[in-house]
file model_21.pdb (PDB, C-alpha atoms and all ligand atoms)
ATOM      1  CA  MET A 186      16.078 -25.531   3.909  1.00  0.00           C
ATOM      2  CA  GLU A 187      14.586 -26.440   0.567  1.00  0.00           C
ATOM      3  CA  ARG A 188      15.934 -24.384  -2.269  1.00  0.00           C
ATOM      4  CA  ILE A 189      13.591 -21.676  -3.460  1.00  0.00           C
ATOM      5  CA  PHE A 190      13.949 -21.239  -7.175  1.00  0.00           C
ATOM      6  CA  GLY A 191      12.859 -19.163 -10.086  1.00  0.00           C
ATOM      7  CA  ARG A 192      13.625 -15.715 -11.365  1.00  0.00           C
ATOM      8  CA  PRO A 193      11.048 -13.081 -10.417  1.00  0.00           C
ATOM      9  CA  ILE A 194       8.605 -12.196 -13.177  1.00  0.00           C
ATOM     10  CA  VAL A 195       7.039  -9.626 -10.891  1.00  0.00           C
ATOM     11  CA  THR A 196       9.462  -8.192  -8.360  1.00  0.00           C
ATOM     12  CA  GLN A 197       8.647  -7.010  -4.858  1.00  0.00           C
ATOM     13  CA  GLU A 198       9.074  -3.396  -5.982  1.00  0.00           C
ATOM     14  CA  GLU A 199       6.707  -3.812  -8.937  1.00  0.00           C
ATOM     15  CA  MET A 200       4.194  -5.548  -6.680  1.00  0.00           C
ATOM     16  CA  ARG A 201       4.345  -2.774  -4.087  1.00  0.00           C
ATOM     17  CA  ALA A 202       3.894  -0.029  -6.670  1.00  0.00           C
ATOM     18  CA  ARG A 203       0.950  -1.710  -8.396  1.00  0.00           C
ATOM     19  CA  ILE A 204      -0.831  -2.495  -5.129  1.00  0.00           C
ATOM     20  CA  LYS A 205      -0.492   1.126  -4.084  1.00  0.00           C
ATOM     21  CA  GLU A 206      -2.212   2.157  -7.338  1.00  0.00           C
ATOM     22  CA  LEU A 207      -4.973  -0.437  -6.905  1.00  0.00           C
ATOM     23  CA  GLY A 208      -5.503   0.728  -3.322  1.00  0.00           C
ATOM     24  CA  LYS A 209      -5.929   4.333  -4.483  1.00  0.00           C
ATOM     25  CA  GLN A 210      -8.375   3.337  -7.192  1.00  0.00           C
ATOM     26  CA  ILE A 211     -10.441   1.141  -4.848  1.00  0.00           C
ATOM     27  CA  THR A 212     -10.423   3.860  -2.178  1.00  0.00           C
ATOM     28  CA  ALA A 213     -11.842   6.333  -4.699  1.00  0.00           C
ATOM     29  CA  ASP A 214     -14.426   3.880  -6.033  1.00  0.00           C
ATOM     30  CA  TYR A 215     -15.716   2.685  -2.639  1.00  0.00           C
ATOM     31  CA  THR A 216     -15.667   5.889  -0.599  1.00  0.00           C
ATOM     32  CA  GLY A 217     -19.015   6.269   1.185  1.00  0.00           C
ATOM     33  CA  LYS A 218     -20.046   2.673   0.537  1.00  0.00           C
ATOM     34  CA  ASP A 219     -20.723  -0.172   2.964  1.00  0.00           C
ATOM     35  CA  PHE A 220     -17.624  -2.010   1.870  1.00  0.00           C
ATOM     36  CA  VAL A 221     -16.602  -5.629   2.514  1.00  0.00           C
ATOM     37  CA  LEU A 222     -13.279  -6.963   1.244  1.00  0.00           C
ATOM     38  CA  VAL A 223     -13.573 -10.726   0.765  1.00  0.00           C
ATOM     39  CA  GLY A 224     -10.331 -12.675   0.372  1.00  0.00           C
ATOM     40  CA  VAL A 225     -10.214 -16.041  -1.362  1.00  0.00           C
ATOM     41  CA  LEU A 226      -7.835 -18.246   0.629  1.00  0.00           C
ATOM     42  CA  LYS A 227      -5.313 -19.611   0.625  1.00  0.00           C
ATOM     43  CA  GLY A 228      -3.891 -18.106  -2.548  1.00  0.00           C
ATOM     44  CA  ALA A 229      -4.889 -14.485  -1.978  1.00  0.00           C
ATOM     45  CA  TYR A 230      -3.544 -14.160   1.557  1.00  0.00           C
ATOM     46  CA  ALA A 231      -0.392 -12.162   0.764  1.00  0.00           C
ATOM     47  CA  PHE A 232      -2.051  -9.913  -1.810  1.00  0.00           C
ATOM     48  CA  TYR A 233      -5.057  -9.398   0.452  1.00  0.00           C
ATOM     49  CA  ALA A 234      -2.953  -8.262   3.419  1.00  0.00           C
ATOM     50  CA  ASP A 235      -1.058  -5.720   1.309  1.00  0.00           C
ATOM     51  CA  LEU A 236      -4.099  -4.549  -0.650  1.00  0.00           C
ATOM     52  CA  ALA A 237      -6.228  -4.067   2.487  1.00  0.00           C
ATOM     53  CA  ARG A 238      -3.567  -1.790   3.955  1.00  0.00           C
ATOM     54  CA  ALA A 239      -3.411   0.245   0.745  1.00  0.00           C
ATOM     55  CA  ILE A 240      -7.160   0.980   0.937  1.00  0.00           C
ATOM     56  CA  ARG A 241      -7.872   4.077   3.021  1.00  0.00           C
ATOM     57  CA  ILE A 242     -11.551   3.739   3.889  1.00  0.00           C
ATOM     58  CA  PRO A 243     -13.354   1.929   6.696  1.00  0.00           C
ATOM     59  CA  MET A 244     -14.255  -1.590   5.688  1.00  0.00           C
ATOM     60  CA  ARG A 245     -15.094  -5.053   6.893  1.00  0.00           C
ATOM     61  CA  VAL A 246     -12.781  -7.932   6.178  1.00  0.00           C
ATOM     62  CA  ASP A 247     -13.935 -11.462   5.484  1.00  0.00           C
ATOM     63  CA  PHE A 248     -12.648 -14.635   3.868  1.00  0.00           C
ATOM     64  CA  LEU A 249     -13.692 -17.695   1.952  1.00  0.00           C
ATOM     65  CA  VAL A 250     -11.527 -20.781   2.004  1.00  0.00           C
ATOM     66  CA  VAL A 251     -11.793 -22.699  -1.234  1.00  0.00           C
ATOM     67  CA  THR A 252     -10.205 -25.843  -2.560  1.00  0.00           C
ATOM     68  CA  SER A 253     -10.271 -26.966  -6.123  1.00  0.00           C
ATOM     69  CA  TYR A 254     -10.877 -30.556  -7.032  1.00  0.00           C
ATOM     70  CA  GLY A 255      -8.167 -32.151  -9.132  1.00  0.00           C
ATOM     71  CA  SER A 256      -4.585 -31.196  -9.798  1.00  0.00           C
ATOM     72  CA  ARG A 257      -3.467 -27.721  -8.753  1.00  0.00           C
ATOM     73  CA  ALA A 258      -1.297 -27.194 -11.806  1.00  0.00           C
ATOM     74  CA  LYS A 259      -4.308 -27.728 -14.054  1.00  0.00           C
ATOM     75  CA  THR A 260      -7.468 -26.035 -12.895  1.00  0.00           C
ATOM     76  CA  SER A 261     -10.465 -28.289 -13.092  1.00  0.00           C
ATOM     77  CA  GLY A 262     -12.806 -25.393 -12.499  1.00  0.00           C
ATOM     78  CA  LYS A 263     -14.574 -27.359  -9.793  1.00  0.00           C
ATOM     79  CA  VAL A 264     -14.385 -25.348  -6.630  1.00  0.00           C
ATOM     80  CA  LYS A 265     -15.484 -26.219  -3.148  1.00  0.00           C
ATOM     81  CA  ILE A 266     -16.045 -23.583  -0.469  1.00  0.00           C
ATOM     82  CA  VAL A 267     -14.670 -25.177   2.691  1.00  0.00           C
ATOM     83  CA  THR A 268     -15.096 -22.140   4.945  1.00  0.00           C
ATOM     84  CA  GLU A 269     -17.942 -19.695   4.433  1.00  0.00           C
ATOM     85  CA  LEU A 270     -18.138 -15.955   5.101  1.00  0.00           C
ATOM     86  CA  THR A 271     -18.780 -14.848   8.665  1.00  0.00           C
ATOM     87  CA  GLU A 272     -20.187 -11.409   7.744  1.00  0.00           C
ATOM     88  CA  ASP A 273     -23.676 -10.753   6.445  1.00  0.00           C
ATOM     89  CA  ILE A 274     -23.042  -9.243   3.008  1.00  0.00           C
ATOM     90  CA  SER A 275     -26.650  -8.493   2.082  1.00  0.00           C
ATOM     91  CA  GLY A 276     -26.988  -4.898   0.890  1.00  0.00           C
ATOM     92  CA  LYS A 277     -23.217  -4.366   1.052  1.00  0.00           C
ATOM     93  CA  ASP A 278     -20.637  -3.608  -1.613  1.00  0.00           C
ATOM     94  CA  VAL A 279     -18.418  -6.643  -1.900  1.00  0.00           C
ATOM     95  CA  LEU A 280     -15.005  -6.796  -3.511  1.00  0.00           C
ATOM     96  CA  LEU A 281     -13.740 -10.322  -4.045  1.00  0.00           C
ATOM     97  CA  VAL A 282      -9.938 -10.577  -3.847  1.00  0.00           C
ATOM     98  CA  GLU A 283      -8.416 -13.410  -5.899  1.00  0.00           C
ATOM     99  CA  ASP A 284      -4.830 -14.468  -6.464  1.00  0.00           C
ATOM    100  CA  ILE A 285      -5.141 -15.422 -10.121  1.00  0.00           C
ATOM    101  CA  VAL A 286      -7.860 -15.781 -12.716  1.00  0.00           C
ATOM    102  CA  ASP A 287      -7.057 -18.497 -15.207  1.00  0.00           C
ATOM    103  CA  SER A 288     -10.055 -20.140 -16.938  1.00  0.00           C
ATOM    104  CA  GLY A 289     -12.318 -17.808 -14.960  1.00  0.00           C
ATOM    105  CA  LEU A 290     -14.422 -20.679 -13.632  1.00  0.00           C
ATOM    106  CA  THR A 291     -13.525 -20.106  -9.964  1.00  0.00           C
ATOM    107  CA  ALA A 292     -14.343 -16.406 -10.112  1.00  0.00           C
ATOM    108  CA  GLN A 293     -17.570 -17.097 -11.994  1.00  0.00           C
ATOM    109  CA  TYR A 294     -18.639 -19.722  -9.447  1.00  0.00           C
ATOM    110  CA  LEU A 295     -17.824 -17.499  -6.452  1.00  0.00           C
ATOM    111  CA  ILE A 296     -19.663 -14.497  -7.895  1.00  0.00           C
ATOM    112  CA  LYS A 297     -22.713 -16.652  -8.556  1.00  0.00           C
ATOM    113  CA  THR A 298     -22.591 -18.171  -5.070  1.00  0.00           C
ATOM    114  CA  LEU A 299     -22.122 -14.866  -3.232  1.00  0.00           C
ATOM    115  CA  ALA A 300     -24.818 -13.179  -5.321  1.00  0.00           C
ATOM    116  CA  LYS A 301     -27.356 -15.455  -3.602  1.00  0.00           C
ATOM    117  CA  GLN A 302     -26.656 -13.556  -0.374  1.00  0.00           C
ATOM    118  CA  LYS A 303     -27.932 -10.385  -2.087  1.00  0.00           C
ATOM    119  CA  PRO A 304     -25.012  -7.970  -1.811  1.00  0.00           C
ATOM    120  CA  ARG A 305     -25.653  -4.488  -3.244  1.00  0.00           C
ATOM    121  CA  SER A 306     -22.762  -5.011  -5.635  1.00  0.00           C
ATOM    122  CA  ILE A 307     -20.055  -7.562  -6.235  1.00  0.00           C
ATOM    123  CA  LYS A 308     -16.810  -6.921  -8.072  1.00  0.00           C
ATOM    124  CA  VAL A 309     -13.544  -8.765  -8.539  1.00  0.00           C
ATOM    125  CA  CYS A 310      -9.982  -7.684  -7.872  1.00  0.00           C
ATOM    126  CA  THR A 311      -7.329 -10.177  -8.935  1.00  0.00           C
ATOM    127  CA  LEU A 312      -3.591  -9.863  -8.540  1.00  0.00           C
ATOM    128  CA  LEU A 313      -2.979 -11.817 -11.744  1.00  0.00           C
ATOM    129  CA  SER A 314      -4.882 -12.657 -14.890  1.00  0.00           C
ATOM    130  CA  LYS A 315      -4.009 -15.065 -17.688  1.00  0.00           C
ATOM    131  CA  PRO A 316      -6.257 -13.753 -20.477  1.00  0.00           C
ATOM    132  CA  GLU A 317      -5.123 -16.423 -22.971  1.00  0.00           C
ATOM    133  CA  ARG A 318      -6.562 -19.145 -20.747  1.00  0.00           C
ATOM    134  CA  ARG A 319     -10.051 -17.740 -20.265  1.00  0.00           C
ATOM    135  CA  THR A 320     -12.893 -20.116 -21.114  1.00  0.00           C
ATOM    136  CA  VAL A 321     -15.750 -18.156 -19.556  1.00  0.00           C
ATOM    137  CA  ASP A 322     -16.664 -14.523 -19.743  1.00  0.00           C
ATOM    138  CA  VAL A 323     -16.041 -12.972 -16.354  1.00  0.00           C
ATOM    139  CA  THR A 324     -15.598  -9.274 -15.660  1.00  0.00           C
ATOM    140  CA  LEU A 325     -12.432  -8.450 -13.739  1.00  0.00           C
ATOM    141  CA  ASP A 326     -12.836  -4.977 -12.304  1.00  0.00           C
ATOM    142  CA  TYR A 327      -9.281  -4.598 -10.987  1.00  0.00           C
ATOM    143  CA  VAL A 328      -6.277  -6.519 -12.316  1.00  0.00           C
ATOM    144  CA  GLY A 329      -2.784  -6.246 -10.851  1.00  0.00           C
ATOM    145  CA  PHE A 330      -0.863  -7.827 -13.716  1.00  0.00           C
ATOM    146  CA  LYS A 331      -1.727  -9.672 -16.914  1.00  0.00           C
ATOM    147  CA  ILE A 332       0.668 -12.580 -17.342  1.00  0.00           C
ATOM    148  CA  PRO A 333       1.355 -15.116 -20.096  1.00  0.00           C
ATOM    149  CA  ASN A 334       0.256 -18.732 -19.931  1.00  0.00           C
ATOM    150  CA  LYS A 335       2.884 -19.945 -17.455  1.00  0.00           C
ATOM    151  CA  TYR A 336       2.472 -21.586 -14.051  1.00  0.00           C
ATOM    152  CA  VAL A 337       3.546 -19.114 -11.400  1.00  0.00           C
ATOM    153  CA  VAL A 338       4.336 -19.453  -7.715  1.00  0.00           C
ATOM    154  CA  GLY A 339       5.094 -17.135  -4.848  1.00  0.00           C
ATOM    155  CA  TYR A 340       3.397 -14.203  -3.178  1.00  0.00           C
ATOM    156  CA  GLY A 341       0.640 -16.527  -1.941  1.00  0.00           C
ATOM    157  CA  LEU A 342       0.514 -18.872  -4.931  1.00  0.00           C
ATOM    158  CA  ASP A 343       1.602 -22.451  -4.461  1.00  0.00           C
ATOM    159  CA  TYR A 344       2.795 -25.539  -6.181  1.00  0.00           C
ATOM    160  CA  GLN A 345       1.596 -28.490  -4.115  1.00  0.00           C
ATOM    161  CA  GLN A 346       1.201 -26.154  -1.123  1.00  0.00           C
ATOM    162  CA  LYS A 347       4.774 -24.895  -1.299  1.00  0.00           C
ATOM    163  CA  TYR A 348       6.384 -21.617  -2.407  1.00  0.00           C
ATOM    164  CA  ARG A 349       3.535 -19.441  -1.121  1.00  0.00           C
ATOM    165  CA  ASN A 350       6.056 -17.564   1.023  1.00  0.00           C
ATOM    166  CA  LEU A 351       8.266 -16.425  -1.864  1.00  0.00           C
ATOM    167  CA  PRO A 352       8.201 -12.626  -1.551  1.00  0.00           C
ATOM    168  CA  TYR A 353       8.018 -12.240  -5.358  1.00  0.00           C
ATOM    169  CA  LEU A 354       6.288 -14.025  -8.216  1.00  0.00           C
ATOM    170  CA  ALA A 355       8.243 -16.621 -10.173  1.00  0.00           C
ATOM    171  CA  VAL A 356       7.571 -18.999 -13.045  1.00  0.00           C
ATOM    172  CA  LEU A 357       7.631 -22.579 -11.842  1.00  0.00           C
ATOM    173  CA  ASP A 358       9.822 -24.738 -13.993  1.00  0.00           C
ATOM    174  CA  MET A 359       7.983 -28.042 -14.197  1.00  0.00           C
ATOM    175  CA  GLU A 360      11.095 -29.786 -15.530  1.00  0.00           C
ATOM    176  CA  GLY A 361      12.783 -29.043 -12.238  1.00  0.00           C
ATOM    177  CA  GLU A 362      15.514 -26.962 -13.842  1.00  0.00           C
ATOM    178  CA  GLN A 363      16.614 -24.304 -11.473  1.00  0.00           C
ATOM    179  CA  GLU A 364      18.181 -20.993 -12.243  1.00  0.00           C
TER
HETATM  180  P1  LIG A 401      -9.604 -20.736 -12.701  1.00  0.00           P
HETATM  181  O1  LIG A 401     -10.815 -21.268 -12.025  1.00  0.00           O
HETATM  182  O2  LIG A 401      -9.676 -19.274 -13.070  1.00  0.00           O
HETATM  183  O3  LIG A 401      -9.216 -21.591 -13.881  1.00  0.00           O
HETATM  184  O4  LIG A 401      -8.399 -20.966 -11.736  1.00  0.00           O
HETATM  185  C1  LIG A 401      -8.134 -20.201 -10.652  1.00  0.00           C
HETATM  186  C2  LIG A 401      -7.283 -20.971  -9.671  1.00  0.00           C
HETATM  187  O5  LIG A 401      -6.351 -21.852 -10.335  1.00  0.00           O
HETATM  188  C3  LIG A 401      -6.434 -20.040  -8.877  1.00  0.00           C
HETATM  189  O6  LIG A 401      -7.114 -19.548  -7.756  1.00  0.00           O
HETATM  190  C4  LIG A 401      -5.243 -20.912  -8.531  1.00  0.00           C
HETATM  191  O7  LIG A 401      -5.542 -21.695  -7.382  1.00  0.00           O
HETATM  192  C5  LIG A 401      -5.101 -21.856  -9.693  1.00  0.00           C
HETATM  193  N1  LIG A 401      -4.091 -21.386 -10.656  1.00  0.00           N
HETATM  194  C6  LIG A 401      -4.277 -21.035 -11.944  1.00  0.00           C
HETATM  195  N2  LIG A 401      -3.137 -20.667 -12.523  1.00  0.00           N
HETATM  196  C7  LIG A 401      -2.176 -20.777 -11.577  1.00  0.00           C
HETATM  197  C8  LIG A 401      -0.765 -20.524 -11.570  1.00  0.00           C
HETATM  198  O8  LIG A 401      -0.128 -20.110 -12.532  1.00  0.00           O
HETATM  199  N3  LIG A 401      -0.137 -20.751 -10.379  1.00  0.00           N
HETATM  200  C9  LIG A 401      -0.770 -21.211  -9.266  1.00  0.00           C
HETATM  201  N4  LIG A 401      -0.046 -21.400  -8.174  1.00  0.00           N
HETATM  202  N5  LIG A 401      -2.101 -21.447  -9.241  1.00  0.00           N
HETATM  203  C10 LIG A 401      -2.789 -21.237 -10.381  1.00  0.00           C
END
call {"tool": "encode", "arguments": {"input": "model_21.pdb", "output": "structure tokens", "more": "lines below"}}
Ligand code: 5GP
result
Amino acid sequence: MERIFGRPIVTQEEMRARIKELGKQITADYTGKDFVLVGVLKGAYAFYADLARAIRIPMRVDFLVVTSYGSRAKTSGKVKIVTELTEDISGKDVLLVEDIVDSGLTAQYLIKTLAKQKPRSIKVCTLLSKPERRTVDVTLDYVGFKIPNKYVVGYGLDYQQKYRNLPYLAVLDMEGEQE
């Protein structure tokens, strides 16, 4: 088996505790609403599964599969939706679940695209945010953790499609040095 490396910057315990809090907050904010939780795949899959189970109200689940053009380590901001929603979101309250917001371009593009389907509201919940890297102004309604400008893997996030299954979040050492 390939060696999995990196020291956790967010541990499984920290992740669990924060997701519980987010779930409580989202439950309170969306009680009584026609709620759709939209996951942005692949990156958000682990966060989505845990977050959905921490939300204690009836809801619909749906997913978008997106790919970004260009290198994964550097976000080009050009996003392609390769699989569309299957639910009709018009008139509904949509919460978009992202793995990480970096420049903000992906989130901005997805909000703009989904808004065309006329949801009643659309908000963003991201596990991670790198505020230093933001180039566009996008409102993040729920943020799990703010992190510094480092490339992270694990808990759904990849490097060249690997490391998504790490149960914690680690900084990827591009030099290949392992701890
Ligand atoms: P944005 O459009 O906000 O610049 O970039 C968002 C996307 O870039 C994320 O969904 C993710 O695919 C990728 N990304 C940005 N930073 C990281 C990182 O530190 N690790 C990983 N694995 N992906 C990242």
call {"tool": "residues_around", "arguments": {"input": "model_21.pdb", "residues": "A:Ile204", "least_positions_apart": "4", "cutoff": "9 Å", "atoms": "all atoms listed in the file", "output": "NGL selection string"}}
result
:A and (199-200 or 208-209 or 232 or 235-236 or 239 or 312 or 329)
call {"tool": "resolve_selection", "arguments": {"input": "model_21.pdb", "expression": "the PyMOL selection byres (((chain A and resi 323) around 9) and not hetatm)", "output": "PyMOL selection string"}}
result
chain A and resi 289-290+292-293+319+321-322+324-325
call {"tool": "residues_near_ligand", "arguments": {"input": "model_21.pdb", "ligand": "ligand LIG 401 (chain A)", "cutoff": "9 Å", "atoms": "all atoms listed in the file", "output": "PyMOL selection string"}}
result
chain A and resi 225-229+251-253+257-264+283-294+313-315+318-321+332+334-339+341-346+348-349+356-357
call {"tool": "resolve_selection", "arguments": {"input": "model_21.pdb", "expression": "the PyMOL selection byres (((chain A and resi 242) around 9) and not hetatm)", "output": "list in words"}}
result
Thr212, Ala213, Tyr215, Thr216, Gly217, Phe220, Ile240, Arg241, Pro243 and Met244 of chain A
call {"tool": "atom_distance", "arguments": {"input": "model_21.pdb", "atom1": "atom CA of A:Pro333", "atom2": "atom CA of A:Ile296"}}
result
24.3 Å
call {"tool": "atom_distance", "arguments": {"input": "model_21.pdb", "atom1": "atom CA of A:Cys310", "atom2": "atom CA of A:Glu198"}}
result
19.6 Å
call {"tool": "residues_around", "arguments": {"input": "model_21.pdb", "residues": "A:Lys303", "least_positions_apart": "2", "cutoff": "12 Å", "atoms": "only C-alpha atoms", "output": "list of chain:residue names"}}
result
A:Asp273, A:Ile274, A:Ser275, A:Gly276, A:Lys277, A:Asp278, A:Val279, A:Ile296, A:Lys297, A:Thr298, A:Leu299, A:Ala300, A:Lys301, A:Arg305, A:Ser306, A:Ile307
call {"tool": "write_last_selection", "arguments": {"input": "model_21.pdb", "atoms": "C-alpha atoms", "output": "PDB file, keeping the file's coordinate frame"}}
result
ATOM      1  CA  ASP A 273     -23.676 -10.753   6.445  1.00  0.00           C
ATOM      2  CA  ILE A 274     -23.042  -9.243   3.008  1.00  0.00           C
ATOM      3  CA  SER A 275     -26.650  -8.493   2.082  1.00  0.00           C
ATOM      4  CA  GLY A 276     -26.988  -4.898   0.890  1.00  0.00           C
ATOM      5  CA  LYS A 277     -23.217  -4.366   1.052  1.00  0.00           C
ATOM      6  CA  ASP A 278     -20.637  -3.608  -1.613  1.00  0.00           C
ATOM      7  CA  VAL A 279     -18.418  -6.643  -1.900  1.00  0.00           C
ATOM      8  CA  ILE A 296     -19.663 -14.497  -7.895  1.00  0.00           C
ATOM      9  CA  LYS A 297     -22.713 -16.652  -8.556  1.00  0.00           C
ATOM     10  CA  THR A 298     -22.591 -18.171  -5.070  1.00  0.00           C
ATOM     11  CA  LEU A 299     -22.122 -14.866  -3.232  1.00  0.00           C
ATOM     12  CA  ALA A 300     -24.818 -13.179  -5.321  1.00  0.00           C
ATOM     13  CA  LYS A 301     -27.356 -15.455  -3.602  1.00  0.00           C
ATOM     14  CA  ARG A 305     -25.653  -4.488  -3.244  1.00  0.00           C
ATOM     15  CA  SER A 306     -22.762  -5.011  -5.635  1.00  0.00           C
ATOM     16  CA  ILE A 307     -20.055  -7.562  -6.235  1.00  0.00           C
TER      17      ILE A 307
END
call {"tool": "resolve_selection", "arguments": {"input": "model_21.pdb", "expression": "the PyMOL selection byres (((chain A and resi 195) around 8) and not hetatm)", "output": "list in words"}}
result
Pro193, Ile194, Thr196, Gln197, Glu199, Met200, Tyr353, Leu354 and Ala355 of chain A
call {"tool": "atom_distance", "arguments": {"input": "model_21.pdb", "atom1": "atom CA of A:Asp326", "atom2": "atom CA of A:Lys308"}}
result
6.1 Å
call {"tool": "closest_residue", "arguments": {"input": "model_21.pdb", "among": "A:Arg192, A:Lys218, A:Lys205, A:Lys331", "to": "A:Arg238", "atoms": "only C-alpha atoms"}}
result
A:Lys205
call {"tool": "closest_residue", "arguments": {"input": "model_21.pdb", "among": "A:Ala237, A:Ile266, A:Ala202, A:Ile211", "to": "A:Tyr327", "atoms": "all atoms listed in the file"}}
result
A:Ile211
call {"tool": "closest_residue", "arguments": {"input": "model_21.pdb", "among": "A:Asn350, A:Gln302, A:Thr311, A:Gln210", "to": "A:Glu269", "atoms": "only C-alpha atoms"}}
result
A:Gln302
call {"tool": "closest_residue", "arguments": {"input": "model_21.pdb", "among": "A:Leu207, A:Arg245, A:Ala234, A:Arg201", "to": "A:Val221", "atoms": "only C-alpha atoms"}}
result
A:Arg245
call {"tool": "build_atoms", "arguments": {"input": "model_21.pdb", "residues": "stretch 309-320 of chain A", "atoms": "N, CA, C and O atoms", "output": "compact mmCIF listing (two decimals), in the coordinates of the input"}}
result
# COMPACT_ATOMS: atom_id res chain seq x y z
N VAL A 309 -14.71 -7.89 -8.72
CA VAL A 309 -13.54 -8.76 -8.54
C VAL A 309 -12.25 -7.98 -8.69
O VAL A 309 -12.09 -7.19 -9.63
N CYS A 310 -11.34 -8.21 -7.76
CA CYS A 310 -9.98 -7.68 -7.87
C CYS A 310 -9.04 -8.88 -7.85
O CYS A 310 -9.02 -9.64 -6.89
N THR A 311 -8.27 -9.06 -8.91
CA THR A 311 -7.33 -10.18 -8.94
C THR A 311 -5.91 -9.65 -9.10
O THR A 311 -5.68 -8.70 -9.86
N LEU A 312 -4.99 -10.27 -8.39
CA LEU A 312 -3.59 -9.86 -8.54
C LEU A 312 -3.12 -10.17 -9.95
O LEU A 312 -2.48 -9.35 -10.59
N LEU A 313 -3.48 -11.37 -10.44
CA LEU A 313 -2.98 -11.82 -11.74
C LEU A 313 -4.11 -12.30 -12.63
O LEU A 313 -5.10 -12.85 -12.14
N SER A 314 -3.91 -12.14 -13.92
CA SER A 314 -4.88 -12.66 -14.89
C SER A 314 -4.11 -13.26 -16.05
O SER A 314 -3.11 -12.70 -16.51
N LYS A 315 -4.59 -14.44 -16.49
CA LYS A 315 -4.01 -15.06 -17.69
C LYS A 315 -5.08 -15.02 -18.77
O LYS A 315 -5.84 -15.98 -18.93
N PRO A 316 -5.16 -13.93 -19.51
CA PRO A 316 -6.26 -13.75 -20.48
C PRO A 316 -6.32 -14.85 -21.53
O PRO A 316 -7.41 -15.24 -21.96
N GLU A 317 -5.15 -15.37 -21.93
CA GLU A 317 -5.12 -16.42 -22.97
C GLU A 317 -5.88 -17.68 -22.56
O GLU A 317 -6.27 -18.47 -23.40
N ARG A 318 -6.00 -17.89 -21.26
CA ARG A 318 -6.56 -19.14 -20.75
C ARG A 318 -8.07 -19.09 -20.48
O ARG A 318 -8.68 -20.08 -20.10
N ARG A 319 -8.65 -17.91 -20.66
CA ARG A 319 -10.05 -17.74 -20.26
C ARG A 319 -10.99 -18.61 -21.09
O ARG A 319 -10.90 -18.65 -22.30
N THR A 320 -11.88 -19.33 -20.39
CA THR A 320 -12.89 -20.12 -21.11
C THR A 320 -14.30 -19.59 -20.85
O THR A 320 -15.24 -19.97 -21.52
